[in-house]
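Chemist: Dropping in coords11.csv, which is CSV, C-alpha atoms:
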```csv
chain,number,residue,atom,x,y,z
A,73,GLU,CA,0.0,0.0,0.0
A,74,ASP,CA,1.3,3.4,-1.0
A,75,GLN,CA,1.9,5.8,1.9
A,76,VAL,CA,2.8,9.5,2.1
A,77,THR,CA,3.8,11.4,5.2
A,78,GLN,CA,4.3,15.2,5.2
A,79,SER,CA,6.0,17.3,7.8
A,80,PRO,CA,5.7,19.6,9.5
A,81,GLU,CA,1.9,19.8,9.8
A,82,ALA,CA,2.0,23.5,10.0
A,83,LEU,CA,4.8,26.1,9.4
A,84,ARG,CA,4.8,29.8,10.2
A,85,LEU,CA,7.4,31.9,8.5
A,86,GLN,CA,8.2,35.6,8.3
A,87,GLU,CA,8.2,37.1,4.9
A,88,GLY,CA,11.6,36.4,3.3
A,89,GLU,CA,12.4,33.5,5.7
A,90,SER,CA,13.3,30.5,3.5
A,91,SER,CA,12.4,27.0,4.6
A,92,SER,CA,11.6,23.5,3.3
A,93,LEU,CA,8.6,21.1,3.5
A,94,ASN,CA,9.1,17.4,3.6
A,95,CYS,CA,7.3,14.5,2.0
A,96,SER,CA,8.3,11.0,2.8
A,97,TYR,CA,6.8,8.2,0.7
A,98,THR,CA,6.6,4.5,0.1
A,99,VAL,CA,5.3,3.2,-3.2
A,100,SER,CA,5.6,0.1,-5.3
A,101,GLY,CA,7.3,1.5,-8.4
A,102,LEU,CA,7.1,5.3,-8.6
A,103,ARG,CA,5.3,6.6,-11.6
A,104,GLY,CA,5.3,10.1,-10.4
A,105,LEU,CA,5.4,12.3,-7.3
A,106,PHE,CA,3.2,15.4,-7.4
A,107,TRP,CA,3.2,18.6,-5.4
A,108,TYR,CA,0.0,20.7,-5.2
A,109,ARG,CA,-1.0,23.9,-3.6
A,110,GLN,CA,-4.5,24.2,-2.0
A,111,ASP,CA,-6.1,27.4,-0.9
A,112,PRO,CA,-8.9,27.3,1.7
A,113,GLY,CA,-12.2,26.2,0.1
A,114,LYS,CA,-10.6,25.4,-3.2
A,115,GLY,CA,-9.4,22.4,-5.1
A,116,PRO,CA,-5.7,21.7,-5.3
A,117,GLU,CA,-3.6,23.4,-7.9
A,118,PHE,CA,-0.8,21.5,-9.6
A,119,LEU,CA,2.7,22.6,-9.0
A,120,PHE,CA,5.2,19.9,-10.0
A,121,THR,CA,5.7,16.3,-11.1
A,122,LEU,CA,8.9,14.5,-10.2
A,123,TYR,CA,9.8,11.1,-11.6
A,124,SER,CA,13.1,9.9,-10.4
A,125,ALA,CA,15.7,10.4,-7.7
A,126,GLY,CA,17.9,13.4,-8.3
A,127,GLU,CA,15.3,15.3,-10.2
A,128,GLU,CA,14.6,19.0,-9.4
A,129,LYS,CA,12.0,21.4,-10.7
A,130,GLU,CA,11.6,25.1,-10.0
A,131,LYS,CA,8.8,27.6,-10.3
A,132,GLU,CA,9.2,31.2,-9.0
A,133,ARG,CA,10.1,30.9,-5.3
A,134,LEU,CA,9.5,27.1,-5.2
A,135,LYS,CA,11.9,24.3,-5.9
A,136,ALA,CA,11.0,20.6,-5.6
A,137,THR,CA,13.5,17.9,-5.2
A,138,LEU,CA,13.3,14.1,-5.1
A,139,THR,CA,15.2,11.2,-3.5
A,140,LYS,CA,14.2,7.5,-3.4
A,141,LYS,CA,12.4,8.0,-0.1
A,142,GLU,CA,11.4,11.6,0.1
A,143,SER,CA,10.8,14.9,-1.6
A,144,PHE,CA,11.4,18.4,-0.4
A,145,LEU,CA,9.6,21.6,-1.4
A,146,HIS,CA,12.0,24.5,-0.8
A,147,ILE,CA,10.5,27.9,-0.5
A,148,THR,CA,12.9,30.8,-1.0
A,149,ALA,CA,12.1,34.2,0.4
A,150,PRO,CA,8.4,33.5,0.7
A,151,LYS,CA,5.7,36.2,0.4
A,152,PRO,CA,2.3,36.3,2.2
A,153,GLU,CA,0.7,35.1,-1.0
A,154,ASP,CA,2.5,31.8,-0.7
A,155,SER,CA,0.4,31.0,2.3
A,156,ALA,CA,-1.6,27.8,1.5
A,157,THR,CA,-1.6,24.1,2.2
A,158,TYR,CA,0.9,22.2,0.2
A,159,LEU,CA,0.0,18.6,-0.7
A,160,CYS,CA,2.3,15.8,-1.8
A,161,ALA,CA,0.9,12.8,-3.7
A,162,VAL,CA,2.4,9.7,-5.2
A,163,GLN,CA,1.3,7.4,-8.0
A,164,GLY,CA,2.7,4.0,-8.4
A,165,ASN,CA,3.0,2.0,-11.6
A,166,THR,CA,0.4,-0.5,-10.6
A,167,ASN,CA,-2.5,1.4,-9.1
A,168,ALA,CA,-4.5,2.4,-12.2
A,169,GLY,CA,-3.9,6.1,-12.1
A,170,LYS,CA,-4.8,6.6,-8.5
A,171,SER,CA,-2.9,9.1,-6.4
A,172,THR,CA,-2.2,8.8,-2.7
A,173,PHE,CA,-2.1,12.1,-0.8
A,174,GLY,CA,-0.3,13.2,2.3
A,175,ASP,CA,-2.1,15.3,4.9
A,176,GLY,CA,-0.4,18.4,3.8
A,177,THR,CA,1.6,21.2,5.3
A,178,THR,CA,-0.2,24.4,6.0
A,179,LEU,CA,2.2,27.3,5.4
A,180,THR,CA,1.5,30.8,6.8
A,181,VAL,CA,3.8,33.6,5.8
A,182,LYS,CA,3.6,36.7,7.9
A,183,PRO,CA,4.4,40.1,6.4
B,1325,GLY,CA,-5.7,24.6,-20.8
B,1326,ALA,CA,-7.0,21.6,-18.8
B,1327,VAL,CA,-9.9,23.2,-17.0
B,1328,VAL,CA,-12.2,21.2,-14.8
B,1329,SER,CA,-15.5,22.8,-13.7
B,1330,GLN,CA,-17.4,21.6,-10.7
B,1331,HIS,CA,-20.9,22.6,-9.6
B,1332,PRO,CA,-22.4,23.5,-7.3
B,1333,SER,CA,-19.7,25.1,-5.1
B,1334,ARG,CA,-21.9,24.9,-2.1
B,1335,VAL,CA,-25.1,23.0,-1.3
B,1336,ILE,CA,-27.2,22.7,1.8
B,1337,CYS,CA,-29.7,19.9,1.8
B,1338,LYS,CA,-32.1,18.2,4.3
B,1339,SER,CA,-31.4,14.9,5.8
B,1340,GLY,CA,-32.8,12.1,3.6
B,1341,THR,CA,-32.7,14.0,0.3
B,1342,SER,CA,-30.3,13.4,-2.6
B,1343,VAL,CA,-27.7,15.8,-4.0
B,1344,LYS,CA,-26.0,15.7,-7.4
B,1345,ILE,CA,-22.6,17.2,-8.0
B,1346,GLU,CA,-21.3,17.7,-11.6
B,1347,CYS,CA,-17.8,17.7,-12.8
B,1348,ARG,CA,-17.0,18.8,-16.4
B,1349,SER,CA,-13.8,18.8,-18.3
B,1350,LEU,CA,-14.1,22.0,-20.4
B,1351,ASP,CA,-11.3,21.8,-22.9
B,1352,PHE,CA,-10.3,18.2,-23.0
B,1353,GLN,CA,-11.8,14.7,-23.0
B,1354,ALA,CA,-11.5,12.8,-19.8
B,1355,THR,CA,-12.1,9.1,-20.0
B,1356,THR,CA,-11.3,8.8,-16.3
B,1357,MET,CA,-12.2,11.1,-13.5
B,1358,PHE,CA,-11.5,10.8,-9.8
B,1359,TRP,CA,-13.8,11.7,-6.9
B,1360,TYR,CA,-12.3,12.7,-3.6
B,1361,ARG,CA,-13.7,13.6,-0.2
B,1362,GLN,CA,-11.9,15.9,2.2
B,1363,PHE,CA,-12.6,16.5,5.9
B,1364,PRO,CA,-11.4,19.7,7.6
B,1365,LYS,CA,-7.7,19.8,8.0
B,1366,GLN,CA,-7.3,16.4,6.5
B,1367,SER,CA,-6.1,15.2,3.2
B,1368,LEU,CA,-7.9,14.0,0.1
B,1369,MET,CA,-9.4,10.5,0.3
B,1370,LEU,CA,-10.1,8.9,-3.0
B,1371,MET,CA,-13.7,7.7,-3.1
B,1372,ALA,CA,-14.0,6.3,-6.6
B,1373,THR,CA,-12.7,6.2,-10.1
B,1374,SER,CA,-15.2,7.2,-12.7
B,1375,ASN,CA,-14.8,5.6,-16.2
B,1376,GLU,CA,-16.6,6.9,-19.2
B,1377,GLY,CA,-19.1,4.3,-20.5
B,1378,SER,CA,-18.6,1.8,-17.7
B,1379,LYS,CA,-19.2,1.3,-14.0
B,1380,ALA,CA,-17.2,3.3,-11.5
B,1381,THR,CA,-14.6,1.6,-9.3
B,1382,TYR,CA,-15.1,2.3,-5.6
B,1383,GLU,CA,-12.5,2.3,-2.9
B,1384,GLN,CA,-12.8,0.0,0.0
B,1385,GLY,CA,-15.3,1.2,2.5
B,1386,VAL,CA,-17.2,3.5,0.1
B,1387,GLU,CA,-20.9,2.6,-0.2
B,1388,LYS,CA,-21.6,2.5,-3.9
B,1389,ASP,CA,-25.3,2.6,-3.4
B,1390,LYS,CA,-25.0,5.8,-1.4
B,1391,PHE,CA,-22.5,7.6,-3.7
B,1392,LEU,CA,-23.8,7.0,-7.2
B,1393,ILE,CA,-21.3,7.9,-10.0
B,1394,ASN,CA,-22.3,8.3,-13.6
B,1395,HIS,CA,-19.8,9.1,-16.4
B,1396,ALA,CA,-22.1,9.4,-19.4
B,1397,SER,CA,-19.8,11.4,-21.7
B,1398,LEU,CA,-16.1,12.2,-22.2
B,1399,THR,CA,-16.6,15.5,-20.5
B,1400,LEU,CA,-19.1,14.9,-17.7
B,1401,SER,CA,-19.1,12.9,-14.5
B,1402,THR,CA,-21.7,13.2,-11.8
B,1403,LEU,CA,-21.7,12.2,-8.1
B,1404,THR,CA,-25.0,11.8,-6.5
B,1405,VAL,CA,-25.2,11.5,-2.7
B,1406,THR,CA,-28.3,9.6,-2.0
B,1407,SER,CA,-30.3,9.8,1.2
B,1408,ALA,CA,-27.8,12.2,2.6
B,1409,HIS,CA,-27.2,12.3,6.4
B,1410,PRO,CA,-25.2,14.8,8.4
B,1411,GLU,CA,-22.2,12.6,8.5
B,1412,ASP,CA,-22.0,13.0,4.7
B,1413,SER,CA,-21.3,16.6,5.1
B,1414,SER,CA,-17.9,17.2,3.6
B,1415,PHE,CA,-15.9,18.8,0.8
B,1416,TYR,CA,-16.1,16.8,-2.4
B,1417,ILE,CA,-13.6,17.3,-5.2
B,1418,CYS,CA,-13.2,15.8,-8.7
B,1419,SER,CA,-10.1,15.6,-10.8
B,1420,ALA,CA,-9.0,14.5,-14.2
B,1421,ARG,CA,-5.9,14.5,-16.4
B,1422,ASP,CA,-5.7,15.7,-19.9
B,1423,PRO,CA,-4.2,12.7,-21.7
B,1424,SER,CA,-2.8,14.9,-24.4
B,1425,ARG,CA,-0.7,16.9,-21.9
B,1426,GLY,CA,1.2,14.1,-20.2
B,1427,PHE,CA,2.2,13.7,-16.6
B,1428,ASN,CA,4.2,16.8,-16.5
B,1429,TYR,CA,1.0,18.8,-16.0
B,1430,GLY,CA,-0.3,16.6,-13.2
B,1431,TYR,CA,-4.0,16.3,-12.5
B,1432,THR,CA,-6.5,19.2,-12.7
B,1433,PHE,CA,-9.0,19.5,-9.9
B,1434,GLY,CA,-12.4,21.1,-9.7
B,1435,SER,CA,-13.0,23.9,-7.3
B,1436,GLY,CA,-14.8,21.5,-4.9
B,1437,THR,CA,-18.3,21.3,-3.5
B,1438,ARG,CA,-19.1,22.0,0.1
B,1439,LEU,CA,-22.0,19.8,1.1
B,1440,THR,CA,-23.8,20.5,4.3
B,1441,VAL,CA,-26.6,18.1,5.4
B,1442,VAL,CA,-29.0,19.5,8.0
```
Please render this file's structure as structure tokens.
Modeler:
Amino acid sequence: EDQVTQSPEALRLQEGESSSLNCSYTVSGLRGLFWYRQDPGKGPEFLFTLYSAGEEKEKERLKATLTKKESFLHITAPKPEDSATYLCAVQGNTNAGKSTFGDGTTLTVKP
Amino acid sequence: GAVVSQHPSRVICKSGTSVKIECRSLDFQATTMFWYRQFPKQSLMLMATSNEGSKATYEQGVEKDKFLINHASLTLSTLTVTSAHPEDSSFYICSARDPSRGFNYGYTFGSGTRLTVV
């Protein structure tokens, strides 16, 4: 059974204070690891897909990295508008397109 | 591209009644759609996989007679919560992937439906 654990559960940062979110996973044959952003009362918004260990992807102040057991979402010099819940999900090669989600990290960036 | 529209965004219904939630892919054809349920401060729990032209596949523990899924066309899937009870109150979200865009674009989610059963 695929499993995803995210930490910390909540993170409060000052504007400009860089940090990282962790996603630990177990999956039988990784097809893809996804990062999503979810604002309150909204559906998740896609950020990144990572496929293999060593891969990195960047988008504005966000950078996602992947190892064989975990992924990190690095946030550089965050702004208040980066406040949201960040979700990590994995999809294995054998589970018919289903994604397993972690519980998310709720990020609050104070001005 | 890859827009998924979900309606309604909020619905309040009386206990014992049924509620239908629609999920449409606006600019792509989705042979498969996924329905999730999310409780406050919890993650997305997959309820079922909706397949165009065939029966939905339900996750273990999800009552198929309570949560009826119909995927009648390549752009529309519906979830009907039958005989709703207060414990069915939750945030329901659908998602799909544009097969022409590949995995690099992930899955697109609807904006969600907040169901409150009173």
Chemist: Per residue of chain B within 6 Å of chain A, note the shortest atom pair and the distance in Å to one decimal, counting all atoms listed in the file, and order the rows by chain and increasing residue number, as JSON lines.
Modeler:
```
{"residue": "B:Gln1366", "atom": "CA", "partner": "A:Asp175", "partner_atom": "CA", "distance": 5.6}
{"residue": "B:Ser1367", "atom": "CA", "partner": "A:Asp175", "partner_atom": "CA", "distance": 4.3}
{"residue": "B:Asn1428", "atom": "CA", "partner": "A:Thr121", "partner_atom": "CA", "distance": 5.6}
{"residue": "B:Phe1433", "atom": "CA", "partner": "A:Gly115", "partner_atom": "CA", "distance": 5.6}
{"residue": "B:Gly1434", "atom": "CA", "partner": "A:Gly115", "partner_atom": "CA", "distance": 5.6}
{"residue": "B:Ser1435", "atom": "CA", "partner": "A:Gly115", "partner_atom": "CA", "distance": 4.5}
{"residue": "B:Gly1436", "atom": "CA", "partner": "A:Gly115", "partner_atom": "CA", "distance": 5.5}
```
Chemist: Have a look at B:Thr1355, B:Ser1419, B:Gly1385, B:Val1335 and name the one nearest to Leu1368 in chain B; count only C-alpha atoms.
Modeler: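 Smallest separation from Leu1368 in chain B among the options: B:Ser1419.
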Chemist: Pick out the residues sitting within 9 Å of Thr139 in chain A, and hand them over as a list in words; count all atoms listed in the file, and ignore anything fewer than 4 positions along from it in its own chain.
Modeler: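 Answer for this query is Ser124, Ala125, Gly126, Glu127, Ser143 and Phe144 of chain A.
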Chemist: May I have the protein, DNA and RNA residues with any atom at most 9 Å from the point (-11.2, 21.0, -20.6), counting all atoms listed in the file, written as JSON, numbers by chain?
Modeler: {"B": [1325, 1326, 1327, 1328, 1329, 1348, 1349, 1350, 1351, 1352, 1353, 1354, 1399, 1422]}
Chemist: Could you check the closest approach to Tyr158 in chain A for each of B:Glu1383, B:Lys1365, B:Val1441, B:Cys1337 and tell me which residue wins, using only C-alpha atoms?
Modeler: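 For Tyr158 in chain A, the nearest of the candidates is B:Lys1365.
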Chemist: Point out the residue among B:Ser1413, B:Ser1333, B:Ser1397, B:Asn1375 with the least atom-to-atom distance to Gln1362 in chain B, counting all atoms listed in the file.
Modeler: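 For Gln1362 in chain B, the nearest of the candidates is B:Ser1413.
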Chemist: Need the shell around Thr1402 in chain B: protein/DNA/RNA residues with any atom at most 9 Å away, counting all atoms listed in the file. Skip same-chain ones fewer than 6 positions apart. Format as a ChimeraX atom specification?
Modeler: /B:1344-1348,1374,1392-1396
Chemist: Kindly provide, as a ChimeraX atom specification, the polymer residues lying within 12 Å of (-17.3, 6.3, -8.6), counting only C-alpha atoms and using the coordinates exactly as they appear in the file.
Modeler: /B:1356-1361,1370-1376,1378-1384,1386-1395,1401-1405,1418-1419
Chemist: Just how far from CA of Thr1432 in chain B is CA of Glu1411 in chain B, in Å to one decimal?
Modeler: 27.2 Å
Chemist: Given the choices A:Leu145, A:Val99, A:Asn167, A:Arg133, which gets closest to Ser79 in chain A if the distance is worked out from all atoms listed in the file?
Modeler: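 Smallest distance to Ser79 in chain A is found for A:Leu145.
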Chemist: Under the rule that all atoms listed in the file are counted, which of A:Glu128, A:Glu142, A:Lys182, A:Ser90 is the nearest residue to Thr77 in chain A?
Modeler: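 Answer, going by the shortest atom-to-atom distance: A:Glu142.
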Chemist: For Gly1340 in chain B, which residue among B:Gly1377, B:Phe1363, B:His1409, B:Thr1437 is the nearest when counting all atoms listed in the file?
Modeler: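 Among the listed residues, the smallest separation from Gly1340 in chain B belongs to B:His1409.
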